[in-house]
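Have a look at the structure below before the remarks.
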Amino acid sequence: MKEFESLFEQYHCDVDDKIVENEVKKIIIEHYEENNNVEVYKKCLNLIDLTTLNVDDTAEKVENMVEKVNNFSKNFSDIPNVAAICVYPALVKTVKENLRLDIGIAAVSAGFPASQTFIEVKIAETALSVHSGASEIDVVISVGKFLEKNYNEVFDELEEIKAACGEAHLKVILETGALKTAENIKKASVLAMELGADFIKTSTGKINISATLEATYVMCNAIKEWYEKTGVMVGYKPAGGISTTEEAVKHYTLVKHILGDKWLNNNMFRFGASRLANNLLSSITGKEVIYF
């Protein structure tokens with residue numbers, strides 16, 4: 001059994017929400033405009049996990065999305081492509097069979113989006129997603145158990161899921177809107193990194209509060225502290241509700257300011273988004289684009 005309270009003390013998890021809010025405002029005021037340009041818009045597009053997670057998703061719909069990714073460079077030769085395609089587990093095979101590019105295939109797994117199922121189901125779904133061709137697995141922590149402070153149970157579940165990932169990267173979704181406080185977000189970030197998460201991610205996009213700038217600030221500072229103490233770089237993925245170019249650039253600004261240039265690539269930084277790609281393309285080209 002791990003002593004999580006001592007771990008949380010080591011990483012200064014007693015974070016004040018008001019201080020976080022003020023720091024975010026300060027960074028955006030001072031640094032947003034230097035990143036508000038076409039080159040950054042292009043970088044942001046290259047950071048996207050192009051996502052469809054709807055109840056009416058079909059194989060045909062996913063095939064069409066994959067084909068647009070395959071043909072992207074023919075239509076936008078001077079713009080880098082998205083980083084990955086993210087779908088439900090049952091549609092991973094469809095992506096794998098149709099994708100002709102070397103980009104990531106991400107699957108939400110382990111009882112997404114609520115994580116309210118048996119650990120055996122979570123492990124099986126994760127393993128089946130990898131077997132079907134997923135190179136990245138996005139899973140949600142057991143938020144209810146975390147809020148009850150059953151940290152060891154949350155950790156043990158995620159550790160088993162991590163083992164089921166094999167060579168696939170694990171992105172751990174904290175569902176920051178449900179955690180509510182900066183202190184809880186910092187603790188969940190540290191817990192996820194302690195078990196070996198390759199990325200920590202804000203949200204599922206399935207509850208009212210998704211990726212906020214404050215969550216990005218807290219999680220990026222947790223990643224920075226983790227790197228300074230361990231030498232291990234952990235990736236960051238804000239997801240849910242980020243649809244405009246302005247919102248993307250603000251998150252990009254915080255990541256750049258807190259973590260630096262080493263994180264400004266799609267090995268270490270992703271956006272989980274569906275609508276964002278078209279809005280970025282419109283900002284880049286200077287005209288309305290509805291491609292994806």
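In the structure tokens, the first chain shown is A, the next is B, and so on; residue numbers restart at 1 for each chain, and ligands run from 1 in the order shown.
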Exercise for review: List the neighbours of A:Glu225 out to 10 Å using only C-alpha atoms; skip same-chain residues closer than 3 positions along the sequence, and give me the result as a PyMOL selection string.
Suggested key: chain A and resi 10-12+190+219-222+228-231+259
Just to be explicit: take each residue in the selection above, keep N, CA and C atoms, and write the result as an mmCIF file, in the first residue's frame.
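For reference, result_8.cif as written:
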```cif
data_model
loop_
_atom_site.group_PDB
_atom_site.id
_atom_site.type_symbol
_atom_site.label_atom_id
_atom_site.label_comp_id
_atom_site.auth_asym_id
_atom_site.auth_seq_id
_atom_site.Cartn_x
_atom_site.Cartn_y
_atom_site.Cartn_z
ATOM 1 N N GLN A 10 4.899 15.863 -1.020
ATOM 2 C CA GLN A 10 6.155 16.034 -1.757
ATOM 3 C C GLN A 10 5.961 16.895 -3.007
ATOM 4 N N TYR A 11 4.764 16.785 -3.609
ATOM 5 C CA TYR A 11 4.478 17.535 -4.841
ATOM 6 C C TYR A 11 3.589 18.761 -4.596
ATOM 7 N N HIS A 12 3.520 19.195 -3.347
ATOM 8 C CA HIS A 12 2.856 20.458 -3.006
ATOM 9 C C HIS A 12 1.448 20.537 -3.606
ATOM 10 N N VAL A 190 -0.593 13.646 -10.022
ATOM 11 C CA VAL A 190 0.549 12.964 -9.407
ATOM 12 C C VAL A 190 0.299 11.467 -9.321
ATOM 13 N N MET A 219 -2.192 21.023 -14.154
ATOM 14 C CA MET A 219 -1.639 19.770 -14.651
ATOM 15 C C MET A 219 -0.257 19.961 -15.259
ATOM 16 N N CYS A 220 -0.056 21.065 -15.957
ATOM 17 C CA CYS A 220 1.263 21.318 -16.536
ATOM 18 C C CYS A 220 2.310 21.589 -15.460
ATOM 19 N N ASN A 221 1.909 22.268 -14.396
ATOM 20 C CA ASN A 221 2.844 22.468 -13.295
ATOM 21 C C ASN A 221 3.168 21.160 -12.587
ATOM 22 N N ALA A 222 2.177 20.265 -12.506
ATOM 23 C CA ALA A 222 2.441 18.940 -11.935
ATOM 24 C C ALA A 222 3.435 18.171 -12.806
ATOM 25 N N GLU A 228 11.178 17.559 -13.085
ATOM 26 C CA GLU A 228 12.310 18.078 -12.309
ATOM 27 C C GLU A 228 12.777 17.080 -11.252
ATOM 28 N N LYS A 229 11.839 16.302 -10.695
ATOM 29 C CA LYS A 229 12.194 15.354 -9.630
ATOM 30 C C LYS A 229 12.634 14.001 -10.173
ATOM 31 N N THR A 230 12.057 13.576 -11.298
ATOM 32 C CA THR A 230 12.298 12.204 -11.783
ATOM 33 C C THR A 230 13.060 12.139 -13.095
ATOM 34 N N GLY A 231 13.060 13.223 -13.864
ATOM 35 C CA GLY A 231 13.653 13.206 -15.192
ATOM 36 C C GLY A 231 12.762 12.585 -16.246
ATOM 37 N N LEU A 259 5.857 24.552 -19.507
ATOM 38 C CA LEU A 259 6.674 23.377 -19.802
ATOM 39 C C LEU A 259 7.785 23.638 -20.809
#
```
**Study point:** Contacts of stretch 163-172 of chain A at 9 Å (only C-alpha atoms; same-chain gap of 3+ positions) as a count of residues only
**Key:** 31
Practice item. For each of A:Lys2, A:Lys74, A:Lys206, A:Lys93, take the minimum atom-to-atom distance to A:Asn54, counting only C-alpha atoms, then give the residue where this is smallest. Key: A:Lys206
Practice item. Enumerate the residues of stretch 69-158 of chain A with a DSSP assignment of strand (DSSP E), computed from the backbone, and present them as a list in words. Key: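 Written out, the strand (DSSP E) residues of stretch 69-158 of chain A are Ala84, Ile85, Cys86, Val87, Gly104, Ile105, Ala106, Ala107, Val108, Glu136, Ile137, Asp138, Val139 and Val140 of chain A.
Taking atom CA of A:Gln116 and atom CA of A:Gly144 as endpoints, the distance between them is 8.7 Å.
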Excluding A:Asp49 and residues on its chain fewer than 5 positions from it, collect all residues at most 6 Å away from it, counting only C-alpha atoms, and give them as an mmCIF file with N, CA and C atoms, in the first residue's frame.
```
data_model
loop_
_atom_site.group_PDB
_atom_site.id
_atom_site.type_symbol
_atom_site.label_atom_id
_atom_site.label_comp_id
_atom_site.auth_asym_id
_atom_site.auth_seq_id
_atom_site.Cartn_x
_atom_site.Cartn_y
_atom_site.Cartn_z
ATOM 1 N N ALA A 83 -2.486 14.466 -35.402
ATOM 2 C CA ALA A 83 -1.563 13.536 -34.748
ATOM 3 C C ALA A 83 -2.103 12.120 -34.664
ATOM 4 N N ALA A 84 -3.429 12.004 -34.490
ATOM 5 C CA ALA A 84 -4.026 10.685 -34.282
ATOM 6 C C ALA A 84 -5.521 10.752 -34.561
ATOM 7 N N ILE A 85 -6.117 9.576 -34.637
ATOM 8 C CA ILE A 85 -7.562 9.437 -34.751
ATOM 9 C C ILE A 85 -8.038 8.688 -33.514
ATOM 10 N N CYS A 86 -9.076 9.228 -32.858
ATOM 11 C CA CYS A 86 -9.557 8.656 -31.608
ATOM 12 C C CYS A 86 -11.019 8.211 -31.758
ATOM 13 N N PHE A 271 -4.323 17.812 -28.421
ATOM 14 C CA PHE A 271 -5.666 18.312 -28.179
ATOM 15 C C PHE A 271 -6.651 17.206 -28.525
ATOM 16 N N GLY A 272 -7.606 16.933 -27.629
ATOM 17 C CA GLY A 272 -8.692 16.048 -27.975
ATOM 18 C C GLY A 272 -9.822 16.888 -28.544
#
```
Exercise for review: Rank A:Pro113, A:Pro80, A:Gly240, A:Gly133 by their smallest atom-to-atom distance to A:Thr51, using only C-alpha atoms, and report the top residue only.
Suggested key: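 Nearest candidate to A:Thr51 out of A:Pro113, A:Pro80, A:Gly240, A:Gly133: A:Gly240.
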